[in-house]
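Novice: Compact mmCIF, C-alpha atoms, saved as model.txt, coming up:
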```txt
# COMPACT_ATOMS: atom_id res chain seq x y z
CA MET A 133 5.98 -12.77 -33.30
CA THR A 134 4.07 -15.98 -34.09
CA PHE A 135 2.67 -14.31 -37.20
CA LEU A 136 6.18 -13.45 -38.39
CA ARG A 137 7.26 -17.08 -38.01
CA GLN A 138 4.81 -18.26 -40.64
CA ARG A 139 7.04 -19.34 -43.51
CA TYR A 140 5.19 -17.37 -46.20
CA VAL A 141 5.32 -14.20 -44.11
CA THR A 142 9.00 -14.72 -43.33
CA GLY A 143 9.84 -15.42 -46.97
CA ALA A 144 7.92 -12.38 -48.21
CA LEU A 145 9.33 -10.02 -45.57
CA ILE A 146 12.96 -11.12 -45.93
CA GLY A 147 12.67 -11.26 -49.73
CA ALA A 148 11.29 -7.72 -49.92
CA LEU A 149 13.93 -6.23 -47.62
CA TRP A 150 16.78 -8.17 -49.22
CA LEU A 151 15.81 -7.15 -52.76
CA ILE A 152 15.82 -3.48 -51.67
CA VAL A 153 19.34 -3.95 -50.29
CA LEU A 154 20.59 -5.71 -53.43
CA SER A 155 18.94 -3.38 -55.93
CA THR A 156 20.37 -0.35 -54.12
CA THR A 157 23.82 -1.90 -53.89
CA ILE A 158 24.01 -3.00 -57.53
CA ALA A 159 22.54 0.30 -58.76
CA VAL A 160 25.22 2.24 -56.90
CA ALA A 161 27.96 -0.13 -58.10
CA MET A 162 26.86 0.04 -61.74
CA SER A 163 26.60 3.84 -61.57
CA PHE A 164 30.16 4.07 -60.28
CA VAL A 165 31.57 1.63 -62.83
CA THR A 166 29.73 2.80 -65.95
CA GLY A 167 29.08 6.47 -65.20
CA ASP A 168 25.45 5.98 -66.33
CA PRO A 169 22.41 6.45 -64.07
CA PHE A 170 21.17 3.33 -62.30
CA ARG A 171 18.68 3.79 -59.49
CA PRO A 172 16.61 1.39 -57.38
CA ASP A 173 12.85 1.34 -57.52
CA ILE A 174 11.90 0.85 -53.87
CA LEU A 175 8.21 0.04 -54.39
CA LEU A 176 8.83 -2.52 -57.12
CA SER A 177 11.68 -4.00 -55.07
CA LEU A 178 9.30 -4.47 -52.15
CA ALA A 179 6.62 -6.06 -54.32
CA LEU A 180 8.86 -8.34 -56.40
CA GLY A 181 11.01 -9.29 -53.42
CA ALA A 182 7.97 -10.24 -51.38
CA LEU A 183 6.54 -12.33 -54.22
CA ALA A 184 9.87 -14.04 -54.91
CA GLY A 185 10.50 -14.76 -51.23
CA ALA A 186 7.04 -16.22 -50.68
CA PHE A 187 7.35 -18.19 -53.93
CA LEU A 188 10.73 -19.66 -52.98
CA VAL A 189 9.60 -21.05 -49.61
CA THR A 190 6.93 -23.09 -51.39
CA GLY A 191 9.57 -25.12 -53.15
CA LEU A 192 12.88 -24.18 -51.60
CA GLY A 193 15.60 -26.54 -52.69
CA HIS A 194 14.03 -27.21 -56.08
CA SER A 195 16.18 -25.57 -58.74
CA ALA A 196 13.31 -25.13 -61.17
CA VAL A 197 11.42 -22.86 -58.78
CA SER A 198 14.53 -20.78 -58.09
CA TRP A 199 15.43 -20.37 -61.75
CA ILE A 200 11.89 -19.37 -62.66
CA ALA A 201 12.03 -16.61 -60.04
CA ALA A 202 15.43 -15.47 -61.30
CA GLY A 203 14.26 -15.49 -64.93
CA VAL A 204 11.22 -13.36 -64.14
CA MET A 205 13.45 -10.95 -62.20
CA PHE A 206 15.89 -10.69 -65.11
CA ALA A 207 13.16 -10.09 -67.69
CA LEU A 208 11.43 -7.41 -65.65
CA THR A 209 14.68 -5.63 -64.79
CA THR A 210 15.89 -5.64 -68.39
CA ALA A 211 12.56 -4.15 -69.46
CA ASN A 212 12.99 -1.38 -66.85
CA PHE A 213 9.93 -2.62 -65.03
CA GLY A 214 11.76 -4.14 -62.11
CA PRO A 215 13.81 -3.34 -58.98
CA MET A 216 16.23 -1.13 -60.96
CA VAL A 217 15.60 1.71 -63.39
CA MET A 218 18.42 1.91 -65.93
CA GLU A 219 19.18 4.59 -68.49
CA SER A 220 22.22 3.05 -70.08
CA SER A 221 23.28 1.02 -73.10
CA PRO A 222 21.60 -2.36 -73.66
CA ILE A 223 24.82 -4.14 -72.68
CA TYR A 224 25.06 -2.37 -69.33
CA ASN A 225 21.33 -2.86 -68.79
CA GLY A 226 21.74 -6.58 -69.37
CA ILE A 227 24.74 -6.81 -67.07
CA GLY A 228 22.91 -4.96 -64.31
CA ALA A 229 19.82 -7.13 -64.67
CA LEU A 230 21.90 -10.32 -64.70
CA LEU A 231 23.87 -9.30 -61.61
CA LEU A 232 20.71 -8.46 -59.71
CA SER A 233 18.78 -11.60 -60.61
CA VAL A 234 21.65 -14.04 -60.06
CA SER A 235 22.83 -12.44 -56.81
CA PHE A 236 19.26 -12.43 -55.48
CA LEU A 237 18.72 -16.05 -56.53
CA ILE A 238 21.87 -17.32 -54.80
CA SER A 239 21.73 -15.18 -51.68
CA ILE A 240 18.01 -15.48 -50.87
CA GLN A 241 18.25 -19.28 -50.98
CA LYS A 242 21.11 -19.12 -48.48
CA ILE A 243 19.18 -16.76 -46.21
CA LEU A 244 15.96 -18.78 -46.31
CA GLU A 245 17.51 -22.24 -46.17
CA SER A 246 16.18 -22.71 -42.60
CA CYS A 247 12.61 -22.46 -43.93
CA GLY A 248 11.08 -25.86 -44.42
CA PHE A 249 7.54 -26.78 -45.38
CA GLN A 250 6.13 -25.82 -42.00
CA ASP A 251 5.98 -22.65 -39.95
CA LEU A 252 9.27 -21.73 -38.32
CA ASN A 253 10.06 -22.24 -34.68
CA LYS A 254 11.86 -19.56 -32.70
CA HIS A 255 15.39 -20.81 -33.45
CA GLU A 256 14.76 -21.22 -37.19
CA TRP A 257 13.27 -17.74 -37.43
CA GLU A 258 16.21 -16.21 -35.53
CA ASP A 259 18.59 -18.05 -37.85
CA VAL A 260 16.91 -16.47 -40.90
CA VAL A 261 17.05 -13.00 -39.35
CA ILE A 262 20.71 -13.42 -38.39
CA ARG A 263 21.60 -14.52 -41.92
CA PHE A 264 19.80 -11.49 -43.33
CA LEU A 265 21.49 -9.06 -40.95
CA THR A 266 24.88 -10.68 -41.64
CA GLY A 267 24.43 -10.12 -45.37
CA VAL A 268 23.43 -6.49 -44.80
CA GLY A 269 26.46 -6.02 -42.57
CA TYR A 270 28.85 -7.47 -45.17
CA ILE A 271 27.45 -5.17 -47.86
CA PHE A 272 27.44 -2.07 -45.65
CA PHE A 273 30.98 -2.39 -44.33
CA THR A 274 32.35 -3.40 -47.72
CA ALA A 275 30.75 -0.31 -49.23
CA ILE A 276 32.07 2.17 -46.68
CA VAL A 277 35.59 0.75 -47.08
CA PHE A 278 35.66 0.16 -50.84
CA ILE A 279 33.78 3.17 -52.23
CA PRO A 280 36.20 5.87 -50.98
CA PHE A 281 39.17 3.86 -52.25
CA TYR A 282 37.47 3.28 -55.60
CA VAL A 283 36.68 6.99 -55.98
CA MET A 284 40.26 7.85 -55.11
CA VAL A 285 41.72 5.45 -57.68
CA MET A 286 39.30 6.39 -60.45
CA THR A 287 39.84 10.12 -59.90
CA SER A 288 43.60 9.63 -60.13
CA LEU A 289 43.12 8.11 -63.61
CA LYS A 290 41.24 11.13 -64.97
CA ASN A 291 42.55 14.25 -66.66
CA GLN A 292 41.58 17.79 -65.77
CA SER A 293 39.04 18.23 -68.56
CA GLU A 294 37.18 15.04 -67.60
CA LEU A 295 36.97 16.10 -63.97
CA ILE A 296 35.63 19.52 -64.88
CA GLN A 297 33.13 18.10 -67.37
CA ASN A 298 31.62 15.58 -64.91
CA PRO A 299 33.17 15.31 -61.43
CA LEU A 300 30.77 12.48 -60.50
CA ASP A 301 31.70 10.21 -63.41
CA PHE A 302 33.98 7.55 -61.95
CA SER A 303 34.23 5.35 -65.03
CA VAL A 304 37.47 5.10 -66.99
CA ASP A 305 38.26 5.01 -70.68
CA LEU A 306 40.48 1.94 -71.12
CA SER A 307 41.31 2.96 -74.69
CA LYS A 308 43.81 5.48 -73.30
CA GLY A 309 46.16 2.67 -72.39
CA LEU A 310 49.18 3.72 -70.34
CA ASP A 311 48.11 7.35 -70.59
CA LEU A 312 45.66 6.57 -67.79
CA PHE A 313 48.62 6.63 -65.40
CA ARG A 314 49.85 10.03 -66.50
CA SER A 315 49.18 11.55 -63.07
CA TYR A 316 51.46 8.99 -61.44
CA THR A 317 54.35 9.57 -63.81
CA GLU A 318 54.01 13.34 -63.36
CA LEU A 319 54.13 12.93 -59.59
CA PHE A 320 57.46 11.13 -59.75
CA ASN A 321 58.92 13.31 -62.50
CA ASP A 322 57.69 16.74 -61.43
CA PHE A 323 56.92 16.49 -57.70
CA SER A 324 59.78 14.30 -56.36
CA PHE A 325 57.46 11.64 -55.01
CA GLY A 326 60.23 9.07 -55.21
CA ASN A 327 62.15 11.04 -52.57
CA TYR A 328 59.05 11.27 -50.39
CA LEU A 329 58.60 7.50 -50.53
CA LEU A 330 62.22 6.79 -49.63
CA THR A 331 62.17 9.32 -46.79
CA SER A 332 58.98 7.90 -45.30
CA PHE A 333 60.24 4.33 -45.62
CA PHE A 334 63.59 5.21 -44.02
CA ILE A 335 61.94 7.06 -41.12
CA SER A 336 59.32 4.35 -40.57
CA VAL A 337 61.87 1.53 -40.47
CA LEU A 338 64.12 3.43 -38.06
CA THR A 339 61.10 4.20 -35.90
CA VAL A 340 60.29 0.49 -35.73
CA PHE A 341 63.84 -0.43 -34.65
CA ILE A 342 64.08 2.35 -32.06
CA THR A 343 60.65 1.50 -30.67
CA LEU A 344 61.46 -2.19 -30.34
CA ALA A 345 64.86 -1.42 -28.78
CA PHE A 346 63.18 0.48 -25.94
CA SER A 347 59.87 -1.35 -25.64
CA ILE A 348 61.15 -4.96 -25.53
CA PRO A 349 63.28 -4.55 -22.37
CA GLY A 350 60.72 -2.21 -20.84
CA ALA A 351 57.81 -4.56 -21.47
CA TYR A 352 59.80 -7.56 -20.24
CA ALA A 353 60.71 -5.74 -17.04
CA VAL A 354 57.06 -4.88 -16.37
CA ALA A 355 55.90 -8.43 -17.16
CA ARG A 356 58.59 -10.50 -15.44
CA LEU A 357 60.64 -8.48 -12.93
CA ARG A 358 59.54 -7.25 -9.52
CA PHE A 359 60.38 -3.67 -8.51
CA ARG A 360 58.83 -0.85 -6.54
CA GLY A 361 56.10 0.95 -8.45
CA GLN A 362 55.70 -1.85 -10.99
CA ALA A 363 51.90 -1.93 -10.81
CA ALA A 364 51.59 1.85 -11.12
CA PHE A 365 54.01 1.91 -14.05
CA SER A 366 52.12 -0.90 -15.80
CA ARG A 367 48.80 0.91 -15.45
CA SER A 368 50.20 4.27 -16.58
CA ILE A 369 51.98 3.10 -19.73
CA LEU A 370 49.25 4.39 -22.01
CA LEU A 371 48.83 7.76 -20.26
CA ILE A 372 51.35 9.42 -22.60
CA TYR A 373 49.66 7.89 -25.64
CA MET A 374 46.27 9.12 -24.47
CA VAL A 375 47.41 12.75 -24.41
CA PRO A 376 46.29 14.38 -27.71
CA MET A 377 49.25 15.25 -29.89
CA ILE A 378 47.75 18.64 -30.67
CA VAL A 379 48.26 19.57 -26.99
CA LEU A 380 51.98 18.85 -27.30
CA ALA A 381 52.37 20.44 -30.73
CA LEU A 382 53.34 23.94 -29.57
CA PRO A 383 55.89 22.81 -26.92
CA ILE A 384 57.47 20.41 -29.41
CA TYR A 385 57.66 23.13 -32.06
CA ILE A 386 59.29 25.59 -29.66
CA ALA A 387 61.76 23.04 -28.30
CA PHE A 388 62.78 21.80 -31.75
CA SER A 389 63.15 25.35 -33.05
CA MET A 390 65.40 26.33 -30.13
CA THR A 391 67.59 23.22 -30.50
CA GLY A 392 67.85 23.41 -34.30
CA LEU A 393 66.04 20.08 -34.82
CA ARG A 394 63.10 21.55 -36.70
CA ASN A 395 63.08 20.94 -40.44
CA SER A 396 65.47 17.99 -40.09
CA ILE A 397 65.15 14.24 -40.54
CA PRO A 398 66.97 13.46 -37.24
CA GLY A 399 64.39 15.56 -35.42
CA ILE A 400 61.52 13.56 -36.95
CA ILE A 401 63.28 10.29 -36.09
CA MET A 402 63.65 11.47 -32.49
CA ILE A 403 60.01 12.46 -31.98
CA TYR A 404 58.20 9.62 -33.78
CA PRO A 405 59.23 6.89 -31.26
CA VAL A 406 57.83 9.05 -28.47
CA THR A 407 54.37 8.45 -29.94
CA THR A 408 54.88 4.71 -30.59
CA ILE A 409 56.83 3.40 -27.57
CA PRO A 410 53.90 3.62 -25.08
CA VAL A 411 51.54 1.55 -27.20
CA ALA A 412 54.32 -0.94 -28.06
CA LEU A 413 55.09 -1.30 -24.33
CA TYR A 414 51.44 -1.95 -23.61
CA MET A 415 51.07 -4.58 -26.34
CA LEU A 416 54.29 -6.43 -25.57
CA GLN A 417 53.97 -6.55 -21.79
CA GLY A 418 50.58 -8.22 -22.17
CA TYR A 419 52.06 -10.81 -24.53
CA PHE A 420 55.10 -11.46 -22.32
CA ARG A 421 52.78 -12.12 -19.36
CA GLY A 422 51.02 -14.76 -21.40
CA LEU A 423 54.21 -16.72 -22.14
CA PRO A 424 54.86 -19.70 -19.83
CA GLY A 425 57.37 -18.65 -17.18
CA GLU A 426 58.53 -22.27 -16.73
CA ILE A 427 60.52 -22.13 -19.97
CA GLU A 428 62.47 -19.06 -18.84
CA GLU A 429 63.05 -20.59 -15.41
CA ALA A 430 64.45 -23.70 -17.08
CA GLY A 431 66.83 -21.52 -19.08
CA LEU A 432 68.01 -19.76 -15.91
CA MET A 433 68.57 -23.10 -14.20
CA ASP A 434 70.68 -24.22 -17.17
CA GLY A 435 73.04 -21.31 -16.59
CA LEU A 436 71.72 -18.69 -18.98
CA GLY A 437 71.73 -15.09 -17.87
CA ARG A 438 68.63 -12.93 -17.96
CA LEU A 439 69.65 -11.23 -21.23
CA SER A 440 70.43 -14.61 -22.80
CA VAL A 441 67.02 -15.89 -21.77
CA ILE A 442 65.38 -12.90 -23.41
CA TRP A 443 67.42 -13.27 -26.60
CA LYS A 444 67.34 -17.06 -26.99
CA ILE A 445 63.95 -17.97 -25.51
CA THR A 446 61.55 -15.06 -25.04
CA LEU A 447 62.07 -13.25 -28.35
CA PRO A 448 61.77 -16.37 -30.57
CA LEU A 449 58.52 -17.25 -28.79
CA SER A 450 57.30 -13.68 -29.25
CA LEU A 451 57.72 -13.42 -33.02
CA PRO A 452 53.95 -13.08 -33.67
CA ALA A 453 53.71 -10.22 -31.17
CA LEU A 454 56.87 -8.57 -32.48
CA ALA A 455 55.55 -8.76 -36.04
CA SER A 456 52.23 -7.29 -34.97
CA VAL A 457 53.85 -4.45 -33.02
CA SER A 458 56.31 -3.72 -35.82
CA LEU A 459 53.51 -3.50 -38.35
CA TYR A 460 51.46 -1.24 -36.10
CA VAL A 461 54.42 1.06 -35.40
CA PHE A 462 55.33 1.17 -39.08
CA MET A 463 51.78 2.17 -39.98
CA ILE A 464 51.77 4.93 -37.36
CA ALA A 465 55.06 6.35 -38.64
CA TRP A 466 54.08 5.96 -42.31
CA ASN A 467 50.73 7.73 -41.87
CA GLU A 468 51.82 10.40 -39.35
CA PHE A 469 50.95 13.88 -40.57
CA LEU A 470 50.70 16.45 -37.76
CA LEU A 471 54.34 16.38 -36.64
CA ALA A 472 55.63 16.22 -40.22
CA PHE A 473 53.42 19.14 -41.25
CA MET A 474 54.52 21.17 -38.23
CA LEU A 475 58.26 20.46 -38.28
CA LEU A 476 59.14 20.10 -41.98
CA ASP A 477 59.29 23.06 -44.36
CA ASP A 478 61.97 21.97 -46.84
CA PRO A 479 60.41 20.00 -49.77
CA SER A 480 63.60 17.93 -50.06
CA LYS A 481 62.91 16.51 -46.57
CA PHE A 482 59.17 15.96 -46.85
CA THR A 483 57.67 12.67 -45.76
CA LEU A 484 54.98 11.13 -47.95
CA THR A 485 52.06 12.58 -45.98
CA ARG A 486 53.68 16.01 -45.95
CA GLY A 487 54.25 15.76 -49.70
CA ILE A 488 50.61 14.84 -50.30
CA ALA A 489 49.50 17.85 -48.25
CA SER A 490 51.56 20.09 -50.52
CA LEU A 491 49.42 18.88 -53.45
CA ASN A 492 46.25 20.22 -51.86
CA SER A 493 46.36 23.47 -53.79
CA SER A 494 44.13 25.19 -56.31
CA GLU A 495 47.11 25.37 -58.65
CA ILE A 496 47.59 21.59 -58.75
CA PRO A 497 45.04 19.34 -60.51
CA ARG A 498 42.89 17.24 -58.20
CA GLN A 499 43.91 13.98 -59.87
CA HIS A 500 47.49 14.48 -58.65
CA LEU A 501 46.29 14.64 -55.05
CA MET A 502 44.31 11.43 -55.52
CA ALA A 503 47.28 9.72 -57.17
CA GLY A 504 49.45 10.71 -54.23
CA ALA A 505 46.89 9.25 -51.83
CA VAL A 506 46.89 5.98 -53.78
CA ILE A 507 50.70 5.86 -53.66
CA ALA A 508 50.60 6.35 -49.88
CA THR A 509 47.89 3.71 -49.37
CA VAL A 510 48.93 0.81 -51.58
CA PRO A 511 52.38 0.05 -50.05
CA ILE A 512 51.03 -0.13 -46.52
CA MET A 513 48.18 -2.38 -47.70
CA VAL A 514 50.64 -4.75 -49.38
CA ILE A 515 52.88 -4.84 -46.30
CA PHE A 516 49.91 -5.43 -44.02
CA LEU A 517 48.53 -8.29 -46.12
CA GLY A 518 51.94 -9.95 -46.29
CA LEU A 519 52.67 -9.68 -42.58
CA GLU A 520 49.10 -10.58 -41.63
CA ARG A 521 49.55 -13.96 -43.25
CA PHE A 522 52.87 -14.40 -41.45
CA MET A 523 51.30 -13.46 -38.12
CA THR A 524 48.41 -15.89 -38.62
CA LYS A 525 50.83 -18.76 -39.21
CA GLY A 526 52.84 -17.86 -36.13
CA LEU A 527 50.02 -17.32 -33.66
CA THR A 528 50.62 -20.72 -32.02
CA ALA A 529 54.39 -20.21 -31.73
CA GLY A 530 55.59 -20.68 -28.19
CA SER A 531 52.78 -22.92 -27.02
CA VAL A 532 53.71 -25.70 -24.59
CA LYS A 533 52.17 -29.05 -23.92
CA GLY A 534 50.38 -29.35 -20.60
```
The structure in this file should be written as structure tokens.
Specialist:
Amino acid sequence: MTFLRQRYVTGALIGALWLIVLSTTIAVAMSFVTGDPFRPDILLSLALGALAGAFLVTGLGHSAVSWIAAGVMFALTTANFGPMVMESSPIYNGIGALLLSVSFLISIQKILESCGFQDLNKHEWEDVVIRFLTGVGYIFFTAIVFIPFYVMVMTSLKNQSELIQNPLDFSVDLSKGLDLFRSYTELFNDFSFGNYLLTSFFISVLTVFITLAFSIPGAYAVARLRFRGQAAFSRSILLIYMVPMIVLALPIYIAFSMTGLRNSIPGIIMIYPVTTIPVALYMLQGYFRGLPGEIEEAGLMDGLGRLSVIWKITLPLSLPALASVSLYVFMIAWNEFLLAFMLLDDPSKFTLTRGIASLNSSEIPRQHLMAGAVIATVPIMVIFLGLERFMTKGLTAGSVKG
């Protein structure tokens, strides 16, 4: 461990590992964007990263040293004798080399900023390692989230001949203009995706209102009132939610078929809240317990009834929790597939997920399926980002001074 704390060893080791991470990341990104082969050279990344890292700790903080290292990295990469091997046009080669050298220059200085002109103590060495692992974590989790979405979007902008010619080419030809979005227009014109969107939105909103109508009084009763079996009921709220829906699928199908609710929107609206009320009860009763009971007691002493206290005091203080629960319930209803697939057969009544499933056919081009997935994903992302900002601003609502 003492050997690893020597600043030259630390700089060389972290520089080598970090350059491997960056060269791999940028090579994958450039391959996706351009459709041309970019691949990392692991051995050269190890060697150049170790040299650059050891070189930087000799004069860390001096811009001249850092820019010399970045310039050497750029020249070697452009000449295809560096961390990345590129078989693309000179422009793309230059962009890839520039991205790699600049990103390495900026990030390695941040990672190694704890290195001074002496060997590192335990805390300084741990700080360097934590910064390195944090950077790796950011890159890894960004990649596993962004790459599938990027592939989905790029595939939706292709035509059938392009997909057949090279299914792994995820670049786009911007010269097509609006024709890039041909799959989307065909979905709305030929596959009734506008109706699917409206149906899913209508069902999701009603599910939110029905869930809140049942879960608010239920959660308040568990959190504030005293009755026999309260503790057992509070602990068993999530038992229904923990039962796999596939276990209940056959009984639900039989019951809905016998009552004539199968293949109907009212039937879907009836069954969706069953899956969302337990988790909403669990979330809200925890929040209600955290609210100061003195405020409600003051309202009761002023002559308000219990329902008035809930309406005028508890609910306004619970807006952050209500927004969070509403968003979560909306997302569950919007993305629900099993019940919709099992209970809906009429295309005129399909929800969005059921409509997307109908595109998964050998007779329908793959880009239409990807376009449908984008249409299902983007609205919920926009709603989440909007409400997330609202929830962040309202997190301190209801706080009292001690």
Novice: Write out as a list in words which residues come within 12 Å of Pro376 in chain A when counting only C-alpha atoms, dropping same-chain ones fewer than 5 positions away.
Specialist: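 Result of the neighbour search: Leu370, Leu371, Ala381, Thr407 and Leu470 of chain A.
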Novice: If we count only C-alpha atoms, what is near range 342-352 of chain A at a cut-off of 8 Å, once residues fewer than 4 positions away on the same chain are taken out, given as a PyMOL selection string?
Specialist: chain A and resi 338+356-357+405+408-410+412-414+416-417+420+458+461
Novice: Could you jot down the CA of Leu151 in chain A to CA of Ile223 in chain A separation for me, Å, one decimal place?
Specialist: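 CA of Ile223 in chain A lies 22.1 Å from CA of Leu151 in chain A.
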Novice: Report, in Å with one decimal, the straight-line distance from CA of Ala202 in chain A to CA of Trp150 in chain A.
Specialist: 14.2 Å
Novice: State, in Å with one decimal place, the distance from CA of Val160 in chain A to CA of Ser220 in chain A.
Specialist: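 Straight-line distance from CA of Val160 in chain A to CA of Ser220 in chain A works out to 13.5 Å.
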Novice: Please identify all polymer residues within 6 Å of range 283-300 of chain A, counting only C-alpha atoms, omitting same-chain residues fewer than 2 positions from it, and present them as a list in words.
Specialist: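 The residues that qualify are Pro280, Phe281, Phe302, Leu312, Phe313, Gln499, Met502 and Ala503 of chain A.
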Novice: Mind checking which residues fall within 10 Å of Leu149 in chain A, counting all atoms listed in the file, ignoring those fewer than 5 positions away in the same chain, and posting them as a list of chain:residue names?
Specialist: A:Ala144, A:Leu154, A:Ile174, A:Ser177, A:Leu178, A:Ala179, A:Gly181, A:Ala182, A:Gly185, A:Phe264, A:Val268
Novice: What lies within 9 Å of Asp168 in chain A using only C-alpha atoms, ignoring chain neighbours under 3 positions off, as a ChimeraX atom specification?
Specialist: /A:162-165,218-221,224,301,303
Novice: Of the residues A:Thr142, A:Asp311, A:Ile397, A:Glu318, which is the one nearest to Glu245 in chain A, using all atoms listed in the file?
Specialist: A:Thr142
Novice: Using all atoms listed in the file, pick whichever of A:Thr485, A:Thr156, A:Ser456, A:Thr317 has the shortest atom-to-atom distance to Thr331 in chain A.
Specialist: A:Thr485
Novice: Using all atoms listed in the file for the distances, tell me which of A:Asn467, A:Gly226, A:Leu519, A:Cys247 is nearest to Tyr140 in chain A.
Specialist: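 Nearest candidate to Tyr140 in chain A out of A:Asn467, A:Gly226, A:Leu519, A:Cys247: A:Cys247.
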Novice: Counting only C-alpha atoms, note down every residue that has an atom within 12 Å of the point (20.7, -14.8, -54.2) (file coordinates), as a ChimeraX atom specification.
Specialist: /A:146-147,150-151,153-155,181,184-185,188,198-199,201-202,205,230-245,264,267
Novice: For Ile384 in chain A, which residue among A:Met474, A:Ile507, A:Phe325, A:Phe359 is the nearest when counting only C-alpha atoms?
Specialist: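 Looking only at the distances to Ile384 in chain A, the closest residue turns out to be A:Met474.
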Novice: With distances taken over all atoms listed in the file, which residue among A:Ala489, A:Leu310, A:Ile369, A:Met402 lies nearest Ala508 in chain A?
Specialist: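 Checking each of A:Ala489, A:Leu310, A:Ile369, A:Met402 against Ala508 in chain A, counting all atoms listed in the file, the winner is A:Ala489.
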Novice: Using the file's own x, y and z axes, so that the box edges lie along x, y and z, what centre and edge lengths in Å (one decimal) does a box around every listed atom of range 302-315 of chain A get when 5 Å is added on each side? Give it as JSON.
Specialist:
```
{"center_x": 41.9, "center_y": 6.7, "center_z": -68.3, "size_x": 25.9, "size_y": 19.6, "size_z": 22.7}
```
Novice: Considering all atoms listed in the file, can you say which of A:Ala364, A:Val457, A:Met390, A:Ala355 comes closest to Pro424 in chain A?
Specialist: A:Ala355
